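Trainee: The following block contains the structure, expressed as structure tokens.
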Amino acid sequence: MQTIDLRGVTCPTNFVMAKLELEDIEAGTTIEFLLDDGEPVKNVPRSLKDEGHKLLALQEKDEYYVLTLEKGED
Amino acid sequence: MAEPKIDLKNLKAGGFIKERGKDLFTVRLRVPGGRMSVDRLSKIAAVAQKYGKGYVHLSVRQSIELININFADFDAVVAELGEEQQKVASCGARVRVPTACGGCEYNPNGLVDTQKSALEVDQKLFGTATGHHKFKVGFAGCPFDCPKSATNDVGFQGAVWPKLDADGCISCGLCAKSCTEGALSMGADNKPVFDAAKCIYCGDCIKVCPTSAWSAEKKGYTVRIGGKWGRRPLIGTLFATFVPEERVVDFIACVLTWYQEKAEGAGRVRLGDIIIREGWQSLLERLRSEFPQYVVQETIAPHVIQNQVPLPGQQA
């Protein structure tokens, strides 16, 4: 599974980068994003959900989160 | 008396405001909720170009004001604005044009359709004479409250009451982390525990939940009454919760009737000062008779901001 590290990237750049990554993969594929605590983890999962992707899990690590999602249909 | 040069009916609502210069007026436009079509904006620009002096003013209550309009042009200004259904606003002791945030159609924070509420109040209550002083209504879509609802005579703030579908919860803990009020914490079973007494109905838990396990059980407006700004500011206080959008006009009308009655003979006094004089119980009881399921048990008087006074000169 592909893992995209968005730590150290602020809103909304992190969300736009996640969108660009998702453009390159097939619908139904699972992908992981690493997100900083605070605004990024509050905003990015919600925005990706709004865009039609399926959020599978969100796990807390040391000072960051791992978001696992399945790409939705376009 | 000579035939008037202009149609005096146009002046009735009071949106023509005298300027410093001879014959010159500001024309305040009626823009409920601060939204307008681009076509209307273009028309306003054309009228301002033709009759004004090259600029307009965006008022603090979301209106566009045409500046330096000669009173002899009133009829033509009204007629040309009317081609795009643009009307003139009001001033004086009347119900003013309601303000509102962008609402919930495109703004991800909005909980309630404030634009729709502002339009409805504008259609049904705009221009109603209070007999006493101005009467302002504002709509905020969520507790971020960009429109500062509690500084209005009647201020509405969008609200949701959250409910959890525990089976849909993936125990990520984001809701507890996002809840700035401390109403949510993670329990021993790794599911959120809700402390209802701390909830301010902001819906952050619903917005942040990655699986939609949190949803809105009920939705409506938190209502604060008696606010104003100006020389002696007052912050409006809580009178009702979860007032449904379709009851907003009736709710305001009820407050307005109470104000019209209780301020009788008081002169130019705002609602908040009448509440302080009459006691909040009187207005709360009146509202309870019509809206029993939404009115709070008790409240406090509109809040005087003590640190505004005394100013240095008053201490001398």
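Just so we're on the same page: first chain in the structure tokens is A, next is B, and so on; residues restart at 1 for each chain, and ligands are numbered from 1 in the order they show up.
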Counting only C-alpha atoms, what is within 10 Å of Asp37 (chain A), bar same-chain residues fewer than 4 positions away, as number ranges by chain?

Mentor: A: 7, 41-42, 60-65; B: 174, 177

Trainee: Looking only at strand (DSSP E or B) from DSSP on the backbone, list the matching residues of region 189-220 of chain B as a ChimeraX atom specification.

Mentor: /B:192-194,214-220

Trainee: What are the residues of chain A lining chain B at 7 Å or less? Count only C-alpha atoms, and put the answer as a list in words.

Mentor: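 Applying the cut-off to the listed atoms yields Lys42, Pro45, Arg46, Lys49, Leu55, Ala57, Leu58 and Gln59 of chain A.
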
Trainee: Find the spatial neighbours of Thr3 (chain A), counting only C-alpha atoms, within a cut-off of 12 Å - ignore same-chain residues fewer than 5 positions away - and output them as number ranges by chain.

Mentor: A: 18, 21-22, 30-35, 66-69

Trainee: If we count only C-alpha atoms, what is near Gly28 (chain A) at a cut-off of 10 Å, once residues fewer than 5 positions away on the same chain are taken out, given as a CSV table (one decimal) with N, CA and C atoms, in the first residue's frame?

Mentor:
```
chain,number,residue,atom,x,y,z
A,53,HIS,N,-14.4,10.0,-1.0
A,53,HIS,CA,-13.6,8.8,-0.6
A,53,HIS,C,-14.0,8.2,0.6
A,54,LYS,N,-13.7,6.9,0.8
A,54,LYS,CA,-14.2,6.1,2.0
A,54,LYS,C,-13.0,6.0,3.0
A,69,LEU,N,-7.5,5.3,3.6
A,69,LEU,CA,-8.8,5.5,2.9
A,69,LEU,C,-8.8,4.8,1.5
A,70,GLU,N,-10.0,4.5,1.1
A,70,GLU,CA,-10.2,3.9,-0.2
A,70,GLU,C,-10.6,4.9,-1.2
A,71,LYS,N,-10.0,5.0,-2.3
A,71,LYS,CA,-10.4,6.0,-3.3
A,71,LYS,C,-11.8,5.7,-3.8
A,72,GLY,N,-12.6,6.8,-3.8
A,72,GLY,CA,-14.0,6.6,-4.3
A,72,GLY,C,-14.1,6.8,-5.9
A,73,GLU,N,-15.3,6.6,-6.4
A,73,GLU,CA,-15.5,6.7,-7.8
A,73,GLU,C,-15.4,8.2,-8.2
```

Trainee: One decimal, in Å: what's the spacing between CA of Ala240 (chain B) and CA of Arg224 (chain B)?

Mentor: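 According to the coordinates, CA of Ala240 (chain B) and CA of Arg224 (chain B) are separated by 7.3 Å.
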
Trainee: For region 295-309 of chain B, please output as JSON, numbers by chain all residues within 8 Å (counting only C-alpha atoms; exclusion window: fewer than 5 positions along the same chain).

Mentor: {"B": [225, 226, 227, 232, 233, 234, 235, 236, 237, 238, 239, 240, 241, 272, 273, 275, 276, 279, 280, 281, 284, 287, 288]}

Trainee: Which residue, A:Asp74, A:Gly52, A:Pro40, A:Ser47, has the smallest gap to Asn14 (chain A) when you use only C-alpha atoms?

Mentor: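 Under the stated criterion, the closest residue is A:Pro40.
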
Trainee: Env of region 149-157 of chain B: 8 Å cut, atoms = only C-alpha atoms, seq-sep filter 2 positions within chain, self excluded. Answer as a PyMOL selection string.

Mentor: chain B and resi 135-143+145-147+159+221-229+234-237+252+270-272

Trainee: Enter the distance from CA of Ser42 (chain B) to CA of Asp122 (chain B), in Å, rounded to one decimal.

Mentor: 22.1 Å

Trainee: Just asking: which residues within chain A are helix (DSSP H, G or I) according to DSSP, as a list of chain:residue names?

Mentor: A:Thr13, A:Asn14, A:Phe15, A:Val16, A:Met17, A:Ala18, A:Lys19, A:Leu20, A:Glu21, A:Leu22, A:Glu23, A:Glu39, A:Pro40, A:Val41, A:Lys42, A:Asn43, A:Val44, A:Pro45, A:Arg46, A:Ser47, A:Leu48, A:Lys49, A:Asp50

Trainee: With C-alpha atoms retained, write the just-selected residues as a PDB file, in the first residue's frame.

Mentor:
```
ATOM      1  CA  THR A  13      -1.696  22.483   0.845  1.00  0.00           C
ATOM      2  CA  ASN A  14      -1.834  19.043   2.513  1.00  0.00           C
ATOM      3  CA  PHE A  15      -5.387  18.472   1.243  1.00  0.00           C
ATOM      4  CA  VAL A  16      -4.547  19.592  -2.295  1.00  0.00           C
ATOM      5  CA  MET A  17      -1.461  17.305  -2.303  1.00  0.00           C
ATOM      6  CA  ALA A  18      -3.655  14.398  -1.142  1.00  0.00           C
ATOM      7  CA  LYS A  19      -6.089  15.152  -3.972  1.00  0.00           C
ATOM      8  CA  LEU A  20      -3.276  15.154  -6.522  1.00  0.00           C
ATOM      9  CA  GLU A  21      -2.004  11.780  -5.240  1.00  0.00           C
ATOM     10  CA  LEU A  22      -5.524  10.356  -5.453  1.00  0.00           C
ATOM     11  CA  GLU A  23      -5.819  11.434  -9.091  1.00  0.00           C
ATOM     12  CA  GLU A  39      -5.660  21.339  12.195  1.00  0.00           C
ATOM     13  CA  PRO A  40      -4.395  18.850   9.555  1.00  0.00           C
ATOM     14  CA  VAL A  41      -5.991  15.811  11.220  1.00  0.00           C
ATOM     15  CA  LYS A  42      -9.201  17.745  11.899  1.00  0.00           C
ATOM     16  CA  ASN A  43      -9.568  19.098   8.366  1.00  0.00           C
ATOM     17  CA  VAL A  44      -8.027  16.708   5.844  1.00  0.00           C
ATOM     18  CA  PRO A  45     -10.050  13.527   6.646  1.00  0.00           C
ATOM     19  CA  ARG A  46     -13.306  15.505   6.608  1.00  0.00           C
ATOM     20  CA  SER A  47     -12.463  17.195   3.302  1.00  0.00           C
ATOM     21  CA  LEU A  48     -11.500  13.891   1.665  1.00  0.00           C
ATOM     22  CA  LYS A  49     -14.740  12.335   2.918  1.00  0.00           C
ATOM     23  CA  ASP A  50     -16.663  15.247   1.335  1.00  0.00           C
TER      24      ASP A  50
END
```

Trainee: Expressed in Å to a single decimal, how great is the separation between CA of Ser63 (chain B) and CA of Pro32 (chain B)?

Mentor: 7.9 Å
